[in-house]
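Structure data follow from work-v5.pdb (PDB, C-alpha atoms):
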ATOM      1  CA  MET A 180     -18.992 -17.703  10.819  1.00  0.00           C
ATOM      2  CA  HIS A 181     -17.502 -19.121   7.636  1.00  0.00           C
ATOM      3  CA  GLU A 182     -14.747 -21.729   7.568  1.00  0.00           C
ATOM      4  CA  GLY A 183     -13.490 -20.193   4.325  1.00  0.00           C
ATOM      5  CA  PHE A 184     -11.507 -17.667   6.359  1.00  0.00           C
ATOM      6  CA  ASP A 185      -9.774 -20.128   8.698  1.00  0.00           C
ATOM      7  CA  ASP A 186      -6.462 -20.069   6.809  1.00  0.00           C
ATOM      8  CA  LEU A 187      -6.341 -16.279   6.996  1.00  0.00           C
ATOM      9  CA  LEU A 188      -7.200 -16.209  10.684  1.00  0.00           C
ATOM     10  CA  ALA A 189      -4.468 -18.769  11.374  1.00  0.00           C
ATOM     11  CA  ALA A 190      -1.989 -16.616   9.448  1.00  0.00           C
ATOM     12  CA  ASN A 191      -3.113 -13.617  11.467  1.00  0.00           C
ATOM     13  CA  LEU A 192      -2.352 -15.443  14.707  1.00  0.00           C
ATOM     14  CA  ARG A 193       1.200 -16.049  13.488  1.00  0.00           C
ATOM     15  CA  TYR A 194       1.499 -12.395  12.423  1.00  0.00           C
ATOM     16  CA  ALA A 195       0.140 -11.070  15.727  1.00  0.00           C
ATOM     17  CA  ASN A 196       3.032 -12.673  17.620  1.00  0.00           C
ATOM     18  CA  SER A 197       5.532 -10.372  15.922  1.00  0.00           C
ATOM     19  CA  ALA A 198       3.380  -7.499  14.642  1.00  0.00           C
ATOM     20  CA  PRO A 199       4.809  -4.021  15.182  1.00  0.00           C
ATOM     21  CA  ARG A 200       3.350  -2.227  18.176  1.00  0.00           C
ATOM     22  CA  ASN A 201       2.924   1.321  19.441  1.00  0.00           C
ATOM     23  CA  PHE A 202       2.641   3.205  16.158  1.00  0.00           C
ATOM     24  CA  ASP A 203       1.217   6.685  16.466  1.00  0.00           C
ATOM     25  CA  GLY A 204      -0.688   6.757  13.145  1.00  0.00           C
ATOM     26  CA  TYR A 205       1.320   9.546  11.512  1.00  0.00           C
ATOM     27  CA  ALA A 206       2.981   9.145   8.128  1.00  0.00           C
ATOM     28  CA  HIS A 207       6.592   9.475   9.302  1.00  0.00           C
ATOM     29  CA  ALA A 208       8.011   9.905   5.782  1.00  0.00           C
ATOM     30  CA  GLY A 209       5.335  12.538   5.100  1.00  0.00           C
ATOM     31  CA  VAL A 210       3.941  10.519   2.204  1.00  0.00           C
ATOM     32  CA  ALA A 211       0.477   9.512   1.052  1.00  0.00           C
ATOM     33  CA  VAL A 212      -0.027   7.208  -1.912  1.00  0.00           C
ATOM     34  CA  VAL A 213      -3.184   6.835  -3.979  1.00  0.00           C
ATOM     35  CA  THR A 214      -2.837   3.734  -6.123  1.00  0.00           C
ATOM     36  CA  CYS A 215      -4.721   0.829  -7.620  1.00  0.00           C
ATOM     37  CA  MET A 216      -6.101  -2.128  -5.709  1.00  0.00           C
ATOM     38  CA  ASP A 217      -4.192  -4.459  -8.077  1.00  0.00           C
ATOM     39  CA  SER A 218      -2.412  -7.172  -6.074  1.00  0.00           C
ATOM     40  CA  ARG A 219       0.755  -6.791  -8.177  1.00  0.00           C
ATOM     41  CA  LEU A 220       1.434  -3.429  -6.506  1.00  0.00           C
ATOM     42  CA  GLN A 221       3.255  -3.125  -3.198  1.00  0.00           C
ATOM     43  CA  PRO A 222       3.013   0.611  -2.549  1.00  0.00           C
ATOM     44  CA  LEU A 223       5.437   0.892   0.365  1.00  0.00           C
ATOM     45  CA  GLU A 224       8.066  -1.356  -1.160  1.00  0.00           C
ATOM     46  CA  MET A 225       7.957   0.315  -4.585  1.00  0.00           C
ATOM     47  CA  ILE A 226       9.078   3.624  -3.070  1.00  0.00           C
ATOM     48  CA  GLY A 227      11.414   2.207  -0.433  1.00  0.00           C
ATOM     49  CA  LEU A 228       9.250   2.885   2.605  1.00  0.00           C
ATOM     50  CA  PHE A 229       8.206   0.790   5.587  1.00  0.00           C
ATOM     51  CA  LEU A 230       5.212   0.339   7.856  1.00  0.00           C
ATOM     52  CA  GLY A 231       4.322   3.613   9.579  1.00  0.00           C
ATOM     53  CA  GLU A 232       5.948   5.851   6.995  1.00  0.00           C
ATOM     54  CA  ALA A 233       3.078   6.466   4.561  1.00  0.00           C
ATOM     55  CA  LYS A 234      -0.680   6.505   4.210  1.00  0.00           C
ATOM     56  CA  ILE A 235      -1.954   4.192   1.477  1.00  0.00           C
ATOM     57  CA  LEU A 236      -5.283   4.730  -0.317  1.00  0.00           C
ATOM     58  CA  ARG A 237      -6.283   2.099  -2.879  1.00  0.00           C
ATOM     59  CA  THR A 238      -9.032   2.374  -5.462  1.00  0.00           C
ATOM     60  CA  PRO A 239      -9.848   0.624  -8.744  1.00  0.00           C
ATOM     61  CA  GLY A 240      -7.422   2.102 -11.255  1.00  0.00           C
ATOM     62  CA  GLY A 241      -5.753   4.223  -8.598  1.00  0.00           C
ATOM     63  CA  HIS A 242      -8.188   7.012  -9.416  1.00  0.00           C
ATOM     64  CA  VAL A 243      -8.890   9.845  -7.030  1.00  0.00           C
ATOM     65  CA  THR A 244     -12.423   9.083  -5.899  1.00  0.00           C
ATOM     66  CA  ALA A 245     -14.330  11.160  -3.344  1.00  0.00           C
ATOM     67  CA  ASP A 246     -13.134   8.814  -0.587  1.00  0.00           C
ATOM     68  CA  ALA A 247      -9.511   8.980  -1.763  1.00  0.00           C
ATOM     69  CA  LEU A 248      -9.691  12.777  -1.905  1.00  0.00           C
ATOM     70  CA  ALA A 249     -11.070  12.881   1.641  1.00  0.00           C
ATOM     71  CA  GLY A 250      -8.249  10.582   2.736  1.00  0.00           C
ATOM     72  CA  CYS A 251      -5.686  12.891   1.150  1.00  0.00           C
ATOM     73  CA  ALA A 252      -7.183  15.920   2.910  1.00  0.00           C
ATOM     74  CA  LEU A 253      -7.083  14.086   6.257  1.00  0.00           C
ATOM     75  CA  ALA A 254      -3.532  12.875   5.666  1.00  0.00           C
ATOM     76  CA  VAL A 255      -2.247  16.332   4.737  1.00  0.00           C
ATOM     77  CA  ASN A 256      -3.953  18.180   7.552  1.00  0.00           C
ATOM     78  CA  LEU A 257      -3.873  15.686  10.429  1.00  0.00           C
ATOM     79  CA  LEU A 258      -1.318  12.972   9.686  1.00  0.00           C
ATOM     80  CA  GLN A 259       1.871  14.870   8.724  1.00  0.00           C
ATOM     81  CA  VAL A 260       1.702  14.235   4.984  1.00  0.00           C
ATOM     82  CA  ASP A 261       3.439  16.784   2.759  1.00  0.00           C
ATOM     83  CA  ARG A 262       3.810  14.694  -0.429  1.00  0.00           C
ATOM     84  CA  VAL A 263       1.034  12.875  -2.283  1.00  0.00           C
ATOM     85  CA  LEU A 264       1.847  10.362  -4.985  1.00  0.00           C
ATOM     86  CA  ILE A 265      -0.900   9.252  -7.343  1.00  0.00           C
ATOM     87  CA  ILE A 266       0.295   6.057  -8.972  1.00  0.00           C
ATOM     88  CA  ALA A 267      -1.301   4.432 -12.002  1.00  0.00           C
ATOM     89  CA  HIS A 268       0.177   1.252 -13.461  1.00  0.00           C
ATOM     90  CA  THR A 269       0.680  -0.561 -16.729  1.00  0.00           C
ATOM     91  CA  ARG A 270      -1.711  -3.340 -17.740  1.00  0.00           C
ATOM     92  CA  CYS A 271      -4.451  -1.962 -15.472  1.00  0.00           C
ATOM     93  CA  ALA A 272      -7.912  -3.438 -16.056  1.00  0.00           C
ATOM     94  CA  MET A 273      -9.513  -0.042 -15.355  1.00  0.00           C
ATOM     95  CA  ALA A 274      -7.599   1.398 -18.333  1.00  0.00           C
ATOM     96  CA  THR A 275      -8.568  -1.325 -20.810  1.00  0.00           C
ATOM     97  CA  ALA A 276     -12.093  -0.129 -21.578  1.00  0.00           C
ATOM     98  CA  ALA A 277     -14.577   2.680 -21.056  1.00  0.00           C
ATOM     99  CA  GLU A 278     -16.935   2.714 -18.092  1.00  0.00           C
ATOM    100  CA  ASP A 279     -19.892   1.269 -20.015  1.00  0.00           C
ATOM    101  CA  GLU A 280     -17.848  -1.703 -21.182  1.00  0.00           C
ATOM    102  CA  ILE A 281     -16.539  -2.449 -17.688  1.00  0.00           C
ATOM    103  CA  ARG A 282     -20.125  -2.246 -16.372  1.00  0.00           C
ATOM    104  CA  ARG A 283     -21.199  -4.685 -19.075  1.00  0.00           C
ATOM    105  CA  GLN A 284     -18.362  -7.086 -18.241  1.00  0.00           C
ATOM    106  CA  VAL A 285     -19.135  -6.986 -14.521  1.00  0.00           C
ATOM    107  CA  GLY A 286     -22.836  -7.490 -15.192  1.00  0.00           C
ATOM    108  CA  VAL A 287     -22.160 -10.517 -17.371  1.00  0.00           C
ATOM    109  CA  ALA A 288     -19.769 -12.024 -14.809  1.00  0.00           C
ATOM    110  CA  ALA A 289     -22.208 -11.386 -11.945  1.00  0.00           C
ATOM    111  CA  GLY A 290     -25.289 -12.405 -13.879  1.00  0.00           C
ATOM    112  CA  ALA A 291     -26.884  -9.192 -12.646  1.00  0.00           C
ATOM    113  CA  ASP A 292     -27.468  -5.627 -13.785  1.00  0.00           C
ATOM    114  CA  ALA A 293     -24.403  -3.499 -13.018  1.00  0.00           C
ATOM    115  CA  SER A 294     -25.626  -0.346 -14.768  1.00  0.00           C
ATOM    116  CA  ALA A 295     -26.140   1.561 -11.500  1.00  0.00           C
ATOM    117  CA  TYR A 296     -22.521   1.124 -10.422  1.00  0.00           C
ATOM    118  CA  THR A 297     -19.559   3.378 -11.114  1.00  0.00           C
ATOM    119  CA  PHE A 298     -16.238   1.607 -11.497  1.00  0.00           C
ATOM    120  CA  ASP A 299     -14.335   4.699 -12.642  1.00  0.00           C
ATOM    121  CA  ALA A 300     -12.806   3.018 -15.699  1.00  0.00           C
ATOM    122  CA  ASP A 301     -10.963   5.286 -18.124  1.00  0.00           C
ATOM    123  CA  PRO A 302      -8.979   4.069 -21.133  1.00  0.00           C
ATOM    124  CA  ASN A 303      -7.118   7.397 -21.325  1.00  0.00           C
ATOM    125  CA  GLN A 304      -4.982   6.526 -18.333  1.00  0.00           C
ATOM    126  CA  LEU A 305      -2.380   9.283 -18.504  1.00  0.00           C
ATOM    127  CA  GLU A 306      -4.917  12.034 -19.129  1.00  0.00           C
ATOM    128  CA  ARG A 307      -6.914  10.766 -16.154  1.00  0.00           C
ATOM    129  CA  LEU A 308      -3.746  10.681 -14.043  1.00  0.00           C
ATOM    130  CA  ARG A 309      -3.049  14.321 -14.887  1.00  0.00           C
ATOM    131  CA  ALA A 310      -6.637  15.280 -14.055  1.00  0.00           C
ATOM    132  CA  ASP A 311      -6.458  13.427 -10.717  1.00  0.00           C
ATOM    133  CA  VAL A 312      -3.215  15.216  -9.824  1.00  0.00           C
ATOM    134  CA  ALA A 313      -4.816  18.564 -10.665  1.00  0.00           C
ATOM    135  CA  THR A 314      -7.866  17.693  -8.538  1.00  0.00           C
ATOM    136  CA  VAL A 315      -5.762  16.895  -5.484  1.00  0.00           C
ATOM    137  CA  ALA A 316      -3.258  19.725  -5.960  1.00  0.00           C
ATOM    138  CA  SER A 317      -5.990  22.358  -6.295  1.00  0.00           C
ATOM    139  CA  HIS A 318      -8.199  21.102  -3.467  1.00  0.00           C
ATOM    140  CA  ALA A 319      -8.846  23.846  -0.899  1.00  0.00           C
ATOM    141  CA  LEU A 320      -7.674  21.639   1.983  1.00  0.00           C
ATOM    142  CA  ILE A 321      -4.492  20.497   0.217  1.00  0.00           C
ATOM    143  CA  SER A 322      -3.294  23.296  -2.080  1.00  0.00           C
ATOM    144  CA  GLY A 323      -0.095  24.871  -0.729  1.00  0.00           C
ATOM    145  CA  ARG A 324       0.193  22.252   2.010  1.00  0.00           C
ATOM    146  CA  ALA A 325       1.557  19.301   0.009  1.00  0.00           C
ATOM    147  CA  GLN A 326       3.353  18.496  -3.216  1.00  0.00           C
ATOM    148  CA  VAL A 327       1.301  16.284  -5.528  1.00  0.00           C
ATOM    149  CA  GLY A 328       2.777  14.155  -8.303  1.00  0.00           C
ATOM    150  CA  GLY A 329       1.488  11.633 -10.812  1.00  0.00           C
ATOM    151  CA  PHE A 330       3.417   8.457 -11.550  1.00  0.00           C
ATOM    152  CA  LEU A 331       3.176   5.349 -13.714  1.00  0.00           C
ATOM    153  CA  TYR A 332       4.382   2.048 -12.283  1.00  0.00           C
ATOM    154  CA  ASP A 333       5.476  -0.608 -14.773  1.00  0.00           C
ATOM    155  CA  VAL A 334       4.276  -3.981 -13.450  1.00  0.00           C
ATOM    156  CA  ASP A 335       6.781  -5.786 -15.681  1.00  0.00           C
ATOM    157  CA  THR A 336       9.956  -3.882 -14.717  1.00  0.00           C
ATOM    158  CA  GLY A 337       9.072  -2.555 -11.262  1.00  0.00           C
ATOM    159  CA  LEU A 338      10.080   0.950 -12.328  1.00  0.00           C
ATOM    160  CA  LEU A 339       8.195   4.089 -11.407  1.00  0.00           C
ATOM    161  CA  GLN A 340       8.124   7.033 -13.838  1.00  0.00           C
ATOM    162  CA  GLN A 341       6.983  10.533 -12.915  1.00  0.00           C
ATOM    163  CA  ILE A 342       4.384  11.719 -15.440  1.00  0.00           C
ATOM    164  CA  CYS A 343       3.365  15.031 -13.884  1.00  0.00           C
TER     165      CYS A 343
END

Before anything else, please render the file you have as structure tokens.
Amino acid sequence: MHEGFDDLLAANLRYANSAPRNFDGYAHAGVAVVTCMDSRLQPLEMIGLFLGEAKILRTPGGHVTADALAGCALAVNLLQVDRVLIIAHTRCAMATAAEDEIRRQVGVAAGADASAYTFDADPNQLERLRADVATVASHALISGRAQVGGFLYDVDTGLLQQIC
């Protein structure tokens, strides 16, 4: 046990006293969101939804990884999702450099070899967004079962723009 988590556990105790109960696990607004792990993004709030209304999948850069794609397939087929939003954002670290450069930066920061890791960095953010939308929309377990759209969230204005 590490004392470094005590503040978070204390906050959890406060939260648990009023935490919502008895949710069924479905996405009641029929929405799934694939977006970045960036702490500036609040996926539910940015599209006007609340707890229990959407499935949220977060990855570095908001890219559709194998795990995110599996989550989308599960959400569409088992959790009442009929709309999938893939949301990239401005000033994203995963769009600032190519994969090799991000690996180098991580390796330097860690003081270890990061060459075996994939961080999914892509400086051509909008092209990657379009490719991710096509991947999800054409997936055999999703195609024809859900609408898929690609969006760009501006971290400075809070506005969401549909790209594809």

* Structure fact -> Of A:Leu338, A:Leu248, A:Val263, A:Val243, the one sitting nearest Arg307 in chain A when using only C-alpha atoms is A:Val243

* Asked: the PyMOL selection byres ((chain A and resi 203-219) around 6) on the file shown: which residues, as a list of chain:residue names?
  -> A:Phe202, A:Leu220, A:Gly231, A:Glu232, A:Ala233, A:Lys234, A:Ile235, A:Leu236, A:Arg237, A:Thr238, A:Pro239, A:Gly240, A:Gly241, A:Leu258, A:Gln259, A:Val260, A:Asp261, A:Arg262, A:Val263, A:Leu264, A:Ile265, A:Ile266

* **Closest of A:Ala313, A:Val334, A:Cys343, A:Leu187 to Pro222 in chain A - atom-to-atom distances counting only C-alpha atoms** => A:Val334

* **Interatomic distance, CA of Gly328 in chain A to CA of Ala277 in chain A (Å, one decimal)** => 24.4 Å

* **Given the PyMOL selection byres ((chain A and resi 294-299) around 9), the residues it picks as a ChimeraX atom specification** => /A:239-240,242,244,273,277-279,281-283,286,292-293,300-301

* **For Gly337 in chain A: contacts at 9 Å, all atoms listed in the file, fewer than 4 positions along chain excluded, given as an NGL selection string** => :A and (225 or 332-333)

* To do: Find the residue from A:Val285, A:Ala245, A:Leu257, A:Ile226 that sits nearest to Gln340 in chain A; use all atoms listed in the file when measuring.
  =>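 That would be A:Ile226, the residue with the smallest distance to Gln340 in chain A.
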
* Pick out the closest residue to Asp311 in chain A from this set: A:Ala254, A:Phe229, A:Gly290, A:Val327. Count all atoms listed in the file. => A:Val327

* Asked: Mind pulling up the distance from CA of Gln221 in chain A to CA of Leu305 in chain A?
  ->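 Between CA of Leu305 in chain A and CA of Gln221 in chain A the gap is 20.5 Å.
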
* **Between CA of Leu230 in chain A and CA of Pro199 in chain A - distance in Å to one decimal** =>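 If I compute the distance from CA of Pro199 in chain A to CA of Leu230 in chain A, I get 8.5 Å.
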
* Top pick for closest residue to Thr275 in chain A, considering A:Leu339, A:Glu182, A:Gln304, A:Arg324 and counting all atoms listed in the file ->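 So, comparing all the options, the nearest one is A:Gln304.
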
* A:Cys271, A:Leu308, A:Val315, A:Ala291: which is nearest Gly329 in chain A, counting all atoms listed in the file? -> A:Leu308

So that all listed atoms of range 252-263 of chain A fit with 8 Å spare on each side, what axis-aligned box centre and edge lengths in Å, to one decimal, would you give as AutoDock Vina command-line options?
--center_x -1.7 --center_y 15.5 --center_z 4.1 --size_x 27.0 --size_y 21.3 --size_z 28.7
